[in-house]
>>> print(open('my_file33.cif').read())   # mmCIF, C-alpha atoms
data_run
#
loop_
_atom_site.label_atom_id
_atom_site.label_comp_id
_atom_site.auth_asym_id
_atom_site.auth_seq_id
_atom_site.Cartn_x
_atom_site.Cartn_y
_atom_site.Cartn_z
CA MET S 1 -177.44 -14.68 76.37
CA ALA S 2 -176.22 -11.09 76.41
CA SER S 3 -178.40 -8.51 78.13
CA GLN S 4 -180.87 -6.19 76.43
CA GLU S 5 -178.80 -3.26 77.66
CA PHE S 6 -175.77 -4.70 75.87
CA HIS S 7 -177.63 -5.06 72.58
CA ALA S 8 -179.02 -1.53 72.90
CA HIS S 9 -175.52 -0.19 73.50
CA GLN S 10 -174.18 -2.07 70.48
CA ALA S 11 -176.95 -0.62 68.33
CA ARG S 12 -176.01 2.90 69.42
CA ILE S 13 -172.36 2.25 68.61
CA ALA S 14 -173.24 0.82 65.19
CA ALA S 15 -175.35 3.89 64.38
CA ALA S 16 -172.61 6.36 65.27
CA PRO S 17 -170.54 7.86 62.40
CA ARG S 18 -167.24 6.11 61.77
CA PRO S 19 -164.03 7.71 60.54
CA SER S 20 -162.66 6.69 57.16
CA PRO S 21 -160.16 3.81 57.37
CA ASP S 22 -157.87 5.96 55.20
CA GLN S 23 -157.82 8.80 57.74
CA PRO S 24 -154.24 9.68 58.73
CA LEU S 25 -153.07 8.27 62.04
CA ALA S 26 -152.63 11.71 63.58
CA GLU S 27 -156.24 12.58 62.79
CA LYS S 28 -157.48 9.29 64.24
CA ARG S 29 -155.59 10.00 67.45
CA ALA S 30 -156.96 13.54 67.67
CA ARG S 31 -160.52 12.37 67.05
CA ALA S 32 -160.26 9.69 69.77
CA ASP S 33 -158.93 12.26 72.23
CA ALA S 34 -161.71 14.70 71.39
CA VAL S 35 -164.57 12.18 71.53
CA MET S 36 -163.43 9.93 74.36
CA GLY S 37 -161.79 12.71 76.32
CA ALA S 38 -165.12 14.54 76.52
CA ILE S 39 -166.83 11.71 78.45
CA PRO S 40 -167.37 12.79 82.08
CA LEU S 41 -165.39 11.24 84.90
CA ALA S 42 -167.10 8.96 87.41
CA PRO S 43 -168.75 10.95 90.22
CA GLY S 44 -166.33 11.81 93.01
CA ILE S 45 -163.18 11.09 90.96
CA VAL S 46 -160.71 13.80 90.02
CA ALA S 47 -157.98 13.74 87.36
CA GLU S 48 -154.50 15.10 88.08
CA PRO S 49 -151.77 15.17 85.40
CA VAL S 50 -148.37 14.07 86.73
CA SER S 51 -144.90 13.23 85.48
CA ALA S 52 -143.86 9.71 86.43
CA ASP S 53 -140.09 10.15 86.16
CA GLY S 54 -140.58 11.96 82.88
CA VAL S 55 -143.42 9.76 81.61
CA PRO S 56 -146.73 11.69 81.31
CA ALA S 57 -149.57 10.16 83.31
CA ILE S 58 -152.87 11.02 84.93
CA TRP S 59 -153.89 10.15 88.47
CA LEU S 60 -157.58 9.21 88.81
CA ARG S 61 -158.64 9.11 92.45
CA GLY S 62 -161.36 9.99 94.90
CA GLU S 63 -161.16 12.58 97.65
CA ASP S 64 -160.44 10.06 100.43
CA VAL S 65 -157.69 7.75 99.17
CA SER S 66 -155.97 7.00 102.47
CA GLY S 67 -155.01 3.36 102.48
CA ALA S 68 -156.36 2.70 98.96
CA ALA S 69 -154.53 0.30 96.68
CA ALA S 70 -152.91 1.67 93.52
CA MET S 71 -153.30 0.48 89.94
CA VAL S 72 -150.93 1.38 87.12
CA TYR S 73 -152.99 1.19 83.93
CA PHE S 74 -151.85 0.91 80.30
CA HIS S 75 -154.37 1.86 77.62
CA GLY S 76 -154.99 -0.06 74.43
CA GLY S 77 -154.74 1.06 70.82
CA GLY S 78 -152.28 -1.33 69.21
CA TYR S 79 -149.24 0.64 70.47
CA ARG S 80 -150.03 3.24 67.78
CA MET S 81 -153.17 4.91 69.15
CA GLY S 82 -154.79 5.66 72.50
CA SER S 83 -153.83 8.11 75.21
CA ALA S 84 -154.38 8.93 78.85
CA THR S 85 -156.77 11.68 77.75
CA ALA S 86 -158.94 9.25 75.78
CA TRP S 87 -158.95 6.60 78.52
CA GLN S 88 -159.37 8.83 81.57
CA SER S 89 -163.16 8.50 81.87
CA TYR S 90 -162.93 4.70 81.80
CA ALA S 91 -160.02 4.76 84.26
CA SER S 92 -162.12 6.95 86.56
CA GLN S 93 -164.78 4.23 86.58
CA LEU S 94 -162.10 1.70 87.54
CA ALA S 95 -160.93 3.98 90.35
CA ALA S 96 -164.46 4.41 91.66
CA ARG S 97 -165.55 0.79 91.39
CA CYS S 98 -162.26 -0.74 92.59
CA GLY S 99 -161.80 1.77 95.40
CA ALA S 100 -158.29 2.31 94.09
CA ARG S 101 -156.07 5.09 92.84
CA VAL S 102 -155.38 4.63 89.13
CA LEU S 103 -152.21 5.93 87.48
CA LEU S 104 -153.04 6.06 83.77
CA VAL S 105 -149.77 6.02 81.81
CA ASP S 106 -149.40 8.00 78.56
CA TYR S 107 -146.63 5.82 77.14
CA ARG S 108 -144.97 6.70 73.81
CA LEU S 109 -146.54 5.38 70.62
CA ALA S 110 -145.30 3.87 67.37
CA PRO S 111 -144.30 4.54 64.66
CA GLU S 112 -142.63 7.60 66.15
CA HIS S 113 -141.44 5.54 69.12
CA PRO S 114 -141.23 1.80 68.35
CA PHE S 115 -140.26 -0.96 70.79
CA PRO S 116 -138.92 -0.71 73.47
CA ALA S 117 -140.31 2.80 74.11
CA ALA S 118 -143.70 1.69 75.47
CA LEU S 119 -142.13 -0.94 77.72
CA ASP S 120 -139.47 1.47 78.97
CA ASP S 121 -142.17 4.00 79.87
CA ALA S 122 -144.31 1.36 81.58
CA VAL S 123 -141.43 0.11 83.71
CA ALA S 124 -140.36 3.67 84.53
CA ALA S 125 -143.88 4.53 85.73
CA VAL S 126 -144.02 1.53 88.08
CA ARG S 127 -140.55 2.27 89.43
CA TRP S 128 -141.46 5.92 89.98
CA LEU S 129 -144.50 4.91 91.98
CA VAL S 130 -142.51 2.52 94.15
CA ALA S 131 -139.73 5.08 94.63
CA SER S 132 -142.33 7.61 95.75
CA GLY S 133 -143.28 5.30 98.61
CA GLU S 134 -145.92 2.99 97.14
CA ALA S 135 -145.59 -0.50 98.62
CA PRO S 136 -145.37 -3.09 95.79
CA GLU S 137 -147.72 -5.38 97.73
CA ARG S 138 -150.40 -2.66 97.46
CA LEU S 139 -149.88 -2.17 93.72
CA VAL S 140 -151.45 -3.84 90.65
CA VAL S 141 -150.52 -3.34 87.00
CA ALA S 142 -153.33 -3.56 84.45
CA GLY S 143 -154.19 -2.82 80.86
CA ASP S 144 -156.42 -3.60 77.92
CA SER S 145 -155.63 -4.93 74.44
CA ALA S 146 -152.05 -3.86 73.65
CA GLY S 147 -151.99 -2.44 77.17
CA GLY S 148 -152.96 -5.87 78.50
CA GLY S 149 -149.95 -7.39 76.78
CA LEU S 150 -147.84 -4.49 78.02
CA ALA S 151 -148.96 -5.16 81.60
CA ALA S 152 -147.70 -8.75 81.35
CA ALA S 153 -144.49 -7.64 79.61
CA THR S 154 -143.90 -5.06 82.35
CA LEU S 155 -144.12 -7.75 85.01
CA LEU S 156 -141.58 -9.84 83.07
CA ALA S 157 -139.22 -6.86 82.74
CA LEU S 158 -139.45 -6.04 86.44
CA ARG S 159 -138.87 -9.69 87.36
CA ASP S 160 -135.84 -9.98 85.09
CA ALA S 161 -134.36 -6.76 86.49
CA GLY S 162 -134.76 -7.97 90.08
CA ASP S 163 -137.30 -5.28 91.02
CA PRO S 164 -139.90 -5.96 93.72
CA LEU S 165 -142.99 -7.18 91.90
CA PRO S 166 -146.48 -5.71 92.18
CA ALA S 167 -149.14 -7.74 93.92
CA GLY S 168 -150.89 -8.73 90.71
CA GLY S 169 -151.59 -8.13 87.06
CA VAL S 170 -154.85 -7.60 85.17
CA CYS S 171 -154.89 -8.30 81.42
CA LEU S 172 -158.12 -7.39 79.61
CA SER S 173 -158.57 -8.75 76.08
CA PRO S 174 -154.77 -8.87 75.92
CA TRP S 175 -152.82 -8.68 72.68
CA ALA S 176 -150.06 -10.87 74.04
CA ASP S 177 -148.61 -12.59 70.94
CA LEU S 178 -147.50 -10.20 68.20
CA THR S 179 -146.70 -13.03 65.80
CA ASN S 180 -150.45 -12.87 65.09
CA CYS S 181 -150.51 -16.56 64.22
CA ALA S 182 -153.43 -17.58 66.46
CA ALA S 183 -156.24 -19.55 64.87
CA SER S 184 -158.82 -17.27 66.47
CA PHE S 185 -157.83 -14.48 64.06
CA SER S 186 -159.61 -16.46 61.34
CA GLU S 187 -162.09 -18.37 63.49
CA LYS S 188 -163.48 -15.17 65.09
CA ALA S 189 -163.06 -12.84 62.11
CA ASP S 190 -166.80 -12.69 61.45
CA THR S 191 -167.73 -11.99 65.08
CA ASP S 192 -165.11 -9.37 66.01
CA ALA S 193 -165.94 -5.97 64.55
CA LEU S 194 -163.29 -4.12 66.57
CA PHE S 195 -160.00 -5.85 65.72
CA SER S 196 -158.74 -7.92 62.81
CA LYS S 197 -155.71 -9.79 61.54
CA ALA S 198 -154.96 -6.98 59.08
CA GLN S 199 -155.07 -4.36 61.84
CA ALA S 200 -152.93 -6.54 64.11
CA ASP S 201 -150.32 -7.04 61.40
CA GLU S 202 -150.19 -3.33 60.60
CA ALA S 203 -149.90 -2.37 64.27
CA ALA S 204 -147.25 -5.02 64.95
CA ASP S 205 -145.12 -3.83 62.04
CA LEU S 206 -145.20 -0.26 63.34
CA TYR S 207 -144.37 -1.21 66.92
CA LEU S 208 -141.77 -3.87 66.18
CA ALA S 209 -139.94 -1.91 63.44
CA GLY S 210 -138.01 -5.05 62.55
CA HIS S 211 -137.69 -6.42 66.10
CA ALA S 212 -138.50 -10.11 66.55
CA ALA S 213 -142.17 -10.69 67.38
CA GLU S 214 -141.19 -13.81 69.34
CA ASP S 215 -139.42 -11.74 72.01
CA PRO S 216 -141.41 -12.17 75.27
CA ARG S 217 -140.96 -8.45 75.90
CA VAL S 218 -143.44 -7.85 73.08
CA SER S 219 -145.19 -11.24 73.14
CA PRO S 220 -145.39 -12.24 76.82
CA ALA S 221 -147.64 -15.20 75.97
CA LEU S 222 -144.52 -16.81 74.44
CA GLY S 223 -142.32 -16.26 77.48
CA ASP S 224 -141.42 -18.02 80.71
CA LEU S 225 -143.82 -16.56 83.28
CA THR S 226 -142.25 -18.19 86.32
CA GLY S 227 -142.33 -16.02 89.41
CA LEU S 228 -145.01 -13.59 88.28
CA PRO S 229 -147.66 -12.48 90.78
CA PRO S 230 -151.30 -13.57 90.44
CA LEU S 231 -152.93 -12.70 87.11
CA LEU S 232 -156.52 -11.98 86.14
CA ILE S 233 -157.22 -12.37 82.42
CA HIS S 234 -160.50 -11.42 80.72
CA VAL S 235 -161.60 -12.12 77.16
CA GLY S 236 -164.86 -12.27 75.23
CA ASP S 237 -165.59 -15.47 73.34
CA VAL S 238 -166.17 -13.58 70.05
CA GLU S 239 -162.76 -11.87 70.01
CA VAL S 240 -159.94 -12.51 67.56
CA LEU S 241 -157.62 -12.23 70.58
CA PHE S 242 -159.38 -15.17 72.24
CA ASP S 243 -156.36 -17.42 71.70
CA ASP S 244 -153.92 -14.79 73.00
CA ALA S 245 -155.76 -14.75 76.33
CA GLN S 246 -155.94 -18.55 76.43
CA ARG S 247 -152.24 -18.93 75.65
CA LEU S 248 -151.19 -16.35 78.24
CA ALA S 249 -153.29 -18.13 80.88
CA ALA S 250 -151.99 -21.56 79.86
CA GLY S 251 -148.39 -20.36 80.10
CA ALA S 252 -149.04 -18.91 83.54
CA ARG S 253 -150.51 -22.20 84.76
CA ARG S 254 -147.61 -24.15 83.25
CA ASP S 255 -145.11 -21.93 85.08
CA GLY S 256 -146.84 -22.11 88.46
CA VAL S 257 -148.51 -18.69 88.44
CA ASP S 258 -151.83 -18.15 90.21
CA VAL S 259 -154.02 -17.23 87.23
CA GLN S 260 -157.74 -16.68 86.77
CA LEU S 261 -159.08 -16.67 83.21
CA SER S 262 -162.65 -15.43 82.76
CA VAL S 263 -164.32 -15.85 79.36
CA TYR S 264 -167.42 -13.70 78.90
CA PRO S 265 -170.00 -14.99 76.38
CA GLU S 266 -170.78 -12.69 73.44
CA MET S 267 -168.63 -9.86 74.74
CA PRO S 268 -166.58 -7.83 72.24
CA HIS S 269 -163.06 -6.51 72.53
CA VAL S 270 -162.54 -4.64 75.85
CA TRP S 271 -166.26 -4.37 76.62
CA HIS S 272 -165.21 -3.10 80.06
CA MET S 273 -164.84 0.38 78.66
CA ALA S 274 -168.62 0.73 78.36
CA VAL S 275 -169.11 0.51 82.13
CA PRO S 276 -171.73 1.23 83.50
CA ALA S 277 -173.81 1.01 80.29
CA PHE S 278 -174.69 -2.68 80.54
CA PRO S 279 -174.51 -5.44 83.18
CA GLU S 280 -171.72 -7.47 81.59
CA ALA S 281 -169.35 -4.49 81.77
CA VAL S 282 -170.31 -3.88 85.39
CA ASP S 283 -169.80 -7.56 86.24
CA ALA S 284 -166.36 -7.58 84.62
CA VAL S 285 -165.19 -4.48 86.48
CA ASP S 286 -166.60 -5.86 89.72
CA GLU S 287 -164.50 -8.97 89.15
CA ILE S 288 -161.43 -6.77 88.71
CA ALA S 289 -162.30 -5.02 91.99
CA ARG S 290 -162.50 -8.36 93.82
CA PHE S 291 -159.15 -9.41 92.38
CA VAL S 292 -157.48 -6.16 93.40
CA GLU S 293 -158.89 -6.53 96.91
CA ARG S 294 -157.69 -10.14 97.14
CA VAL S 295 -154.12 -9.60 95.99
CA THR S 296 -153.52 -6.29 97.81
CA GLY S 297 -155.17 -7.34 101.05
CA GLY S 298 -158.16 -5.01 100.72
#
>>> encode(input="my_file33.cif", output="structure tokens")
Amino acid sequence: MASQEFHAHQARIAAAPRPSPDQPLAEKRARADAVMGAIPLAPGIVAEPVSADGVPAIWLRGEDVSGAAAMVYFHGGGYRMGSATAWQSYASQLAARCGARVLLVDYRLAPEHPFPAALDDAVAAVRWLVASGEAPERLVVAGDSAGGGLAAATLLALRDAGDPLPAGGVCLSPWADLTNCAASFSEKADTDALFSKAQADEAADLYLAGHAAEDPRVSPALGDLTGLPPLLIHVGDVEVLFDDAQRLAAGARRDGVDVQLSVYPEMPHVWHMAVPAFPEAVDAVDEIARFVERVTGG
């Protein structure tokens, strides 16, 4: 059973004012930046804007980062919303709790920049970090929702291009199949208040702009995952993306990838972002920290 702290947090979220669903996309983006961007960083973590070979990003790191592993993180938002500004407080919590430096990538968004813009930016950011001297074996790629799918797609793109692969990948509530045909879209529709089939279809249309949804570069759960580094996949059992996480994990196992799938009872879409508000979010981020330590050698 979910904790009292979780239920109290959900009650606060439910009581907060919600924007109109008809609000223009630009206004939704601006509101998210204003609200989420105002949340304080984790104690001891500083934010530094950088250009990762032309891709805007933010470094989140503590004062003493000598020897710390690095994480390249891709935010969620259905490829049409989200930003480094909005996600920086959460990424600072990851940096603090994982003892890592987090490069939060501000990849281009649809509909202004449809596929492959987000993937190109993600790959460019990883390559920039490696070219700057980061050892791939000390590097993890990670992301949530669309960013979770993008993390897996980035690993596939790097593999196919012959690049040295990062030490691991972390996919949180991943949107990893943009065909949006999973049964969990209907089976979990009444329990997922944060994402829906209609929203997924709208977001996919904007990002794909006519490109085939079956392409593993947008739907990594449908691809051949052979040769990828270890993966950690998280999903809540009430999410419409439950099947996406299951299918991505099943494909990894089929193709010989070291994969850990953790299903958290009663947890909503990307509950990690509430850390440290309730124990389940803390537990999930602690599991990420253990994974990063394991695959990067501490």
>>> resolve_selection(input="my_file33.cif", expression="the PyMOL selection byres ((chain S and resi 86-91) around 8)", output="PyMOL selection string")
chain S and resi 32-37+39-42+47+58+60+73+75+82-85+92-95+102+104+273-275
>>> write_last_selection(input="my_file33.cif", atoms="C-alpha atoms", output="short mmCIF file (atom, residue, chain, number, x, y, z; two decimals), keeping the file's coordinate frame")
data_model
loop_
_atom_site.label_atom_id
_atom_site.label_comp_id
_atom_site.auth_asym_id
_atom_site.auth_seq_id
_atom_site.Cartn_x
_atom_site.Cartn_y
_atom_site.Cartn_z
CA ALA S 32 -160.26 9.69 69.77
CA ASP S 33 -158.93 12.26 72.23
CA ALA S 34 -161.71 14.70 71.39
CA VAL S 35 -164.57 12.18 71.53
CA MET S 36 -163.43 9.93 74.36
CA GLY S 37 -161.79 12.71 76.32
CA ILE S 39 -166.83 11.71 78.45
CA PRO S 40 -167.37 12.79 82.08
CA LEU S 41 -165.39 11.24 84.90
CA ALA S 42 -167.10 8.96 87.41
CA ALA S 47 -157.98 13.74 87.36
CA ILE S 58 -152.87 11.02 84.93
CA LEU S 60 -157.58 9.21 88.81
CA TYR S 73 -152.99 1.19 83.93
CA HIS S 75 -154.37 1.86 77.62
CA GLY S 82 -154.79 5.66 72.50
CA SER S 83 -153.83 8.11 75.21
CA ALA S 84 -154.38 8.93 78.85
CA THR S 85 -156.77 11.68 77.75
CA SER S 92 -162.12 6.95 86.56
CA GLN S 93 -164.78 4.23 86.58
CA LEU S 94 -162.10 1.70 87.54
CA ALA S 95 -160.93 3.98 90.35
CA VAL S 102 -155.38 4.63 89.13
CA LEU S 104 -153.04 6.06 83.77
CA MET S 273 -164.84 0.38 78.66
CA ALA S 274 -168.62 0.73 78.36
CA VAL S 275 -169.11 0.51 82.13
#
>>> residues_around(input="my_file33.cif", residues="stretch 217-224 of chain S", least_positions_apart="4", cutoff="8 Å", atoms="only C-alpha atoms", output="list in words")
Phe115, Leu119, Gly149, Leu150, Ala152, Ala153, Thr154, Leu156, Ala157, Ala176, Asp177, Leu178, Thr179, Ala213, Asp244, Arg247, Leu248, Gly251 and Asp255 of chain S
>>> atom_distance(input="my_file33.cif", atom1="atom CA of S:Ile288", atom2="atom CA of S:Ser145")
15.5 Å
>>> closest_residue(input="my_file33.cif", among="S:Ser3, S:Thr226, S:Asn180, S:Thr296", to="S:Val240", atoms="all atoms listed in the file")
S:Asn180
>>> closest_residue(input="my_file33.cif", among="S:Ala52, S:Ala57, S:Val257, S:Ala100", to="S:Gly227", atoms="all atoms listed in the file")
S:Val257
>>> residues_around(input="my_file33.cif", residues="S:Ile233", least_positions_apart="6", cutoff="8 Å", atoms="all atoms listed in the file", output="ChimeraX atom specification")
/S:170-174,245,249,259-262
>>> closest_residue(input="my_file33.cif", among="S:Ala142, S:Val238, S:Ala161, S:Leu208", to="S:Asp192", atoms="all atoms listed in the file")
S:Val238
>>> axis_aligned_box(input="my_file33.cif", around="stretch 94-112 of chain S", padding_each_side="4 Å", output="lines of an AutoDock Vina configuration file")
center_x = -154.1
center_y = 3.6
center_z = 80.0
size_x = 30.9
size_y = 16.7
size_z = 38.7
>>> atom_distance(input="my_file33.cif", atom1="atom CA of S:Val263", atom2="atom CA of S:Gln246")
9.3 Å
>>> resolve_selection(input="my_file33.cif", expression="the PyMOL selection byres ((chain S and resi 286) around 12)", output="list in words")
Gln93, Leu94, Ala95, Ala96, Arg97, Cys98, Gly99, His272, Val275, Pro276, Pro279, Glu280, Ala281, Val282, Asp283, Ala284, Val285, Glu287, Ile288, Ala289, Arg290, Phe291, Val292 and Glu293 of chain S
>>> resolve_selection(input="my_file33.cif", expression="the PyMOL selection byres ((chain S and resi 71) around 6)", output="list in words")
Ala70, Val72, Val102, Leu139, Val140 and Val141 of chain S
>>> atom_distance(input="my_file33.cif", atom1="atom CA of S:Ala118", atom2="atom CA of S:Val55")
10.1 Å
>>> closest_residue(input="my_file33.cif", among="S:Glu214, S:Arg29, S:Gly76, S:Ala122", to="S:Trp175", atoms="only C-alpha atoms")
S:Gly76
>>> residues_near_point(input="my_file33.cif", point="(-162.2, -18.6, 65.5)", cutoff="10 Å", atoms="only C-alpha atoms", output="short mmCIF file (atom, residue, chain, number, x, y, z; two decimals) with C-alpha atoms, in the coordinates of the input")
data_model
loop_
_atom_site.label_atom_id
_atom_site.label_comp_id
_atom_site.auth_asym_id
_atom_site.auth_seq_id
_atom_site.Cartn_x
_atom_site.Cartn_y
_atom_site.Cartn_z
CA ALA S 182 -153.43 -17.58 66.46
CA ALA S 183 -156.24 -19.55 64.87
CA SER S 184 -158.82 -17.27 66.47
CA PHE S 185 -157.83 -14.48 64.06
CA SER S 186 -159.61 -16.46 61.34
CA GLU S 187 -162.09 -18.37 63.49
CA LYS S 188 -163.48 -15.17 65.09
CA ALA S 189 -163.06 -12.84 62.11
CA ASP S 190 -166.80 -12.69 61.45
CA THR S 191 -167.73 -11.99 65.08
CA ASP S 192 -165.11 -9.37 66.01
CA ASP S 237 -165.59 -15.47 73.34
CA VAL S 238 -166.17 -13.58 70.05
CA GLU S 239 -162.76 -11.87 70.01
CA VAL S 240 -159.94 -12.51 67.56
CA LEU S 241 -157.62 -12.23 70.58
CA PHE S 242 -159.38 -15.17 72.24
CA ASP S 243 -156.36 -17.42 71.70
#
>>> closest_residue(input="my_file33.cif", among="S:Trp59, S:Ala69, S:Pro49, S:Tyr79", to="S:Ala209", atoms="all atoms listed in the file")
S:Tyr79
>>> closest_residue(input="my_file33.cif", among="S:Arg159, S:Ser132, S:Gly67, S:Tyr207", to="S:Leu109", atoms="only C-alpha atoms")
S:Tyr207
>>> residues_around(input="my_file33.cif", residues="S:Leu206", least_positions_apart="2", cutoff="7 Å", atoms="all atoms listed in the file", output="CSV table (one decimal) with C-alpha atoms, keeping the file's coordinate frame")
chain,number,residue,atom,x,y,z
S,110,ALA,CA,-145.3,3.9,67.4
S,111,PRO,CA,-144.3,4.5,64.7
S,114,PRO,CA,-141.2,1.8,68.4
S,202,GLU,CA,-150.2,-3.3,60.6
S,203,ALA,CA,-149.9,-2.4,64.3
S,204,ALA,CA,-147.2,-5.0,65.0
S,208,LEU,CA,-141.8,-3.9,66.2
S,209,ALA,CA,-139.9,-1.9,63.4
>>> residues_around(input="my_file33.cif", residues="stretch 9-22 of chain S", least_positions_apart="3", cutoff="9 Å", atoms="all atoms listed in the file", output="PyMOL selection string")
chain S and resi 4-6+25+28+31+274+277-278
